[in-house]
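First the structure, in the form of structure tokens, and then the observations on it.
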Amino acid sequence: MNSLRTRIVNRRNVQSMMRKLQPFSTPVSEKSSPEIKIPMRKERGPTDILRALEGTLLNDSTSNDYGFMDDPFFIPTSTKRKRIYALSKESGRRAARFIVENHSETLYSELSDPLIKAFLPPEKYTEKSQVSDEILMEFIKKGSVKDSLHIYELLEKNVKLETKQALLELLCFYNSEEQESSEDFPEELRYRARIQINKNLWNNNSEANSLFDELKNNEETAAAAYSAMICGTAKYGSVNLAEGLYKESLKKNLSIFSTCYHYLIQSIRFSKRSDEECKSLIEIYLKDMIQKGLSLNVDVLNAILSAAENLADNVTYATSFFSKFKSLGIEPTLTTYYYLLLILSKNNNYFTDTIDENVFMEILSEVKSKDFVLHDDTDQCFFSKAMSIAAKNYFPTNVGHEIYNIFLSKNKRYFLNNIQSNHFYNDYILMVLYNESLLDFQMFYTKFVPAVFIPDHETMKNIMENFLSYRKDNKLLPIMALFIKHIVSFEMLYNNNLLKLSLKAIVKHCTSKEEPRIQKELGEYASKVWTHLKSLHERVKYQVVLPMELYSNIIILLLYASEFEKALDVYDYLIKNPEKTSGAFKPTELNEIFNQCCTHNLTDLALLVLQYTHNSGIGDQQFYDEKIKSHFVLNQMQKQQLSKIIGS
Amino acid sequence: MNKSQSGRYKITNKRSRPLTYEMAKPPYEIAHKKSWNSWNTSNIINGNRPMECAVEDLFIRKFLTGTWCTLFLSEIIIKRNHNMIRIAGIVKKSYDPIKYYFLIGYTEELLSYYLHCPVKLELQSAMNEDIIFKYI
């Protein structure tokens, strides 16, 4: 009751205090603005809300790639498998598409309301009455070269001039070849390497030529026809034809489009001209553009930089253009920065990809501050190139982290295809490997592998070489166990050099007195390698010759793990099949094997070691003789074997 | 009710008939110990296309049983939300995953074309004996 009373008293106190404090509180503004200002409407794209929602999700480093089933059996364990599974799925889709296109009557349905045309099978036209100018234009807009030409033939080439011009543009843009759109089969395109056009690939299509001949003589379409043809020929490496057409258009005083100049400048690298001639040609094109009142754009800048990449002493030339275009208010794209990196890193004569760190960081800070949209295929090369340069120049790890953070920011992570992302992460991992301690590297490695990417063979070899470079230290073994597991699970056992390096590194840091758990793990690895090699020898028709060092390391690890029968099996196989190995046991390796035989009383293996020593003359023969006689209790057969070895 | 036979399995003399969890639970256990095989909102009051939905589900099940011949170990679960159809099930681990991925791509694409909406497969894998709940 007392406590209740005190509470009431306290409440009263608080109320009175609040009353006293009220005059000191900030007064509420009496004058509220009468006008309500409606904020300006923000222009948003169709996917902006989705992107904003995506931004709220955290990255789960253990999650599986969206393209694969979330089940251990279906999750790919190596880069090769990843690629095969993705392409296999796409192949299934292609098979379904084939059925839809060729047997459309079996699966025809009109379930969607309103009807979605994309789900309907493609219409087939066989008669002139079925087609029209509009239908042809639709197919041209879809970018279907084969169907457009078919309909054009059906219409007996009697179409409007605009349609003819559109068809010519289509043929020039796709080089008269049917191209699959990236939306239909994205995986195939993601795995396809970027094709650099280095030679003349222009298809001299008769239909394109006849269309051009017809359109160039008409005043209305002449400029557009010349523009289309110049763009096509220059894009696909037919430089002489493109330049010839350009000169023709100059004679006729036609005003061609600015895209032509971009392709013409880009095609300069195909022509066998001196550096000075190339530079003067670029100047001519630019002057012509200005005379005709065409505005410069970022494509022209990128074309100049791509042409400048092959010129000698190109740094001042490229940077001057870069700064001039920037002063004109033209915003560079990631392709621009990619070419800048290429040009600046090739400056040094002694090493490739050498760049000043300050310049590099300046480019990075510029990229960081900007928001990009995918403008060109080459955009996807920037981040992998930047990481590669940072790794090759041995820049500190925080540069790598900075590139990675930029890559994650502002939707920039769409600027990597599958091939480039592999290069990117491999270089990133190598950078951390060379700069950080092994423990830090292990933590970093587990964050990315295998959820984000799977390292390639070369990276794994570098990791093993790094382990080899350390002084003998058995504390490294638990760390090595992780990488060894990954060598098996990522299907890297086929790489003999990697096997050799990994076994050498393990044996270097391992002794016979390690923890039983570690020894068992290492023994399992050696056993898996041996099973793989044995099956390889049996399966492959040609001779697989591997260094003796690899086998001796397997035997030592098996002995450490108390897998004596397997060790004997390996040794026996080597004695019986000397043609499968190159080189010989080293005396130190023989000593280690013999010591293990003595420790574990392995008489048969000790006799085999002695036999090898007698036959090859390697190792301390006398010591082994005496040790076998004094240390082992031999049965009758073993005694006979010993006397046979010593007698021989 | 006592004479109802559907969804119930006869006990063998040697107790050698394997049943999955789904088979082991009779229909009256739905929503208690097991769930529905088709998830949609067609059959609620004023739901859209109830008959069409049932026929389509039948078609999907027939198509999958034929295309994935003997590979499905469980019932085929069909879930519809928004304009998407998700098909789930447990498949047998008999072949290389490459072949399964081919079938996944093929099924998704072909059904998408027929049903005029995106179709996604959500598969889990198991060995034959893994899915046996009991023998009767």
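Every chain in the structure tokens takes a letter, A first, then B, and so on in the order presented; its residues are numbered from 1, and the ligands are numbered from 1 following the presented order.
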
Could you please tell me, as a PyMOL selection string, which residues of chain A have an atom within 9 Å of chain B when using only C-alpha atoms?
chain A and resi 68-76+81+84-97+99-100+107-112+115-116+118-121

What's around Asn591 (chain A) at 12 Å? Count only C-alpha atoms, leave out sequence neighbours fewer than 2 positions away in its own chain, and write the answer as JSON, numbers by chain.
{"A": [552, 556, 585, 586, 587, 588, 589, 593, 594, 595, 596, 597, 598, 606, 609, 610, 613, 618, 619, 620, 621, 623, 624, 627]}

As a ChimeraX atom specification, list the residues of chain B assigned to helix (DSSP H, G or I) by DSSP on the backbone atoms of this structure.
/B:21-24,27-29,50-67,97-115,128-131

Of the candidates A:Ile230, A:Leu477, A:Ile403, A:Leu482, which shows the shortest atom-to-atom distance to Val449 (chain A), using only C-alpha atoms?
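Closest residue, counting only C-alpha atoms: A:Leu482.
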
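Residues in contact with Thr70 (chain B) at 9 Å, where only C-alpha atoms are counted and same-chain residues fewer than 3 positions away are skipped, are listed as Thr65, Gly66, Thr67, Leu73, Val91 and Lys92 of chain B.
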
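Computed from the coordinates, the CA of Ser144 (chain A) to CA of Phe257 (chain A) distance equals 23.9 Å.
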
DSSP on the backbone, strand (DSSP E) only: what residues of region 19-130 of chain B does that give? Format it as a PyMOL selection string.
chain B and resi 19+38-39+77-81+84-92+119-126

If we count only C-alpha atoms, what is near Phe407 (chain A) at a cut-off of 10 Å, once residues fewer than 2 positions away on the same chain are taken out, given as a list in words?
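Once the adjacent positions are removed, what remains is Val367, Lys368, Phe382, Phe383, Ser384, His401, Glu402, Ile403, Tyr404, Asn405, Ser409, Lys410, Asn411, Lys412, Arg413, Tyr414, Phe415 and Leu416 of chain A.
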
Residue contacts of Ser16 (chain B) (9 Å, only C-alpha atoms) excluding same-chain residues fewer than 3 positions away, as an mmCIF file with N, CA and C atoms, in the first residue's frame:
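Output contents, as saved in result25.cif:
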```cif
data_model
loop_
_atom_site.group_PDB
_atom_site.id
_atom_site.type_symbol
_atom_site.label_atom_id
_atom_site.label_comp_id
_atom_site.auth_asym_id
_atom_site.auth_seq_id
_atom_site.Cartn_x
_atom_site.Cartn_y
_atom_site.Cartn_z
ATOM 1 N N ILE B 11 -3.107 -53.719 -48.164
ATOM 2 C CA ILE B 11 -1.963 -54.301 -47.450
ATOM 3 C C ILE B 11 -1.633 -55.655 -48.076
ATOM 4 N N THR B 12 -0.353 -55.897 -48.332
ATOM 5 C CA THR B 12 0.067 -57.174 -48.930
ATOM 6 C C THR B 12 0.332 -58.195 -47.832
ATOM 7 N N ASN B 13 0.357 -59.468 -48.223
ATOM 8 C CA ASN B 13 0.585 -60.533 -47.229
ATOM 9 C C ASN B 13 1.955 -60.412 -46.582
ATOM 10 N N TYR B 135 6.343 -49.770 -45.466
ATOM 11 C CA TYR B 135 5.880 -50.905 -46.283
ATOM 12 C C TYR B 135 4.568 -51.411 -45.696
ATOM 13 N N ILE B 136 3.631 -51.705 -46.592
ATOM 14 C CA ILE B 136 2.385 -52.283 -46.065
ATOM 15 C C ILE B 136 2.091 -53.606 -46.786
#
```

Contact residues around Phe372 (chain A) with only C-alpha atoms at 7 Å, ignoring same-chain residues under 2 positions, as an MDAnalysis selection string
chainID A and resid 333 370 374

Residues near Leu522 (chain A), cut-off 12 Å, only C-alpha atoms, skip fewer than 6 positions along chain, as an NGL selection string
:A and (477-485 or 488 or 502-503 or 505-507 or 509-512 or 514-516 or 528-529 or 553-563)

Give me, please, the distance in Å between CA of Val145 (chain A) and CA of Glu178 (chain A), quoted to one decimal.
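These two atoms are separated by 5.3 Å.
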
What separation in Å, quoted to one decimal, exists between CA of Leu468 (chain A) and CA of Leu498 (chain A)?
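CA of Leu468 (chain A) sits 12.2 Å away from CA of Leu498 (chain A).
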
Best match for closeness to Glu29 (chain B) among B:Asn46, B:Ile87, B:Gly7, B:Thr41, counting only C-alpha atoms
B:Gly7

Nearest residue to Glu538 (chain A) out of A:Phe98, A:Ser210, A:Lys580, A:Lys520, using only C-alpha atoms?
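Counting only C-alpha atoms, the residue closest to Glu538 (chain A) is A:Lys580.
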
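Here the question is which of B:Pro118, B:Leu19, B:Arg8, B:Trp39 gets nearest to Ile131 (chain B) using only C-alpha atoms, and that residue is B:Leu19.
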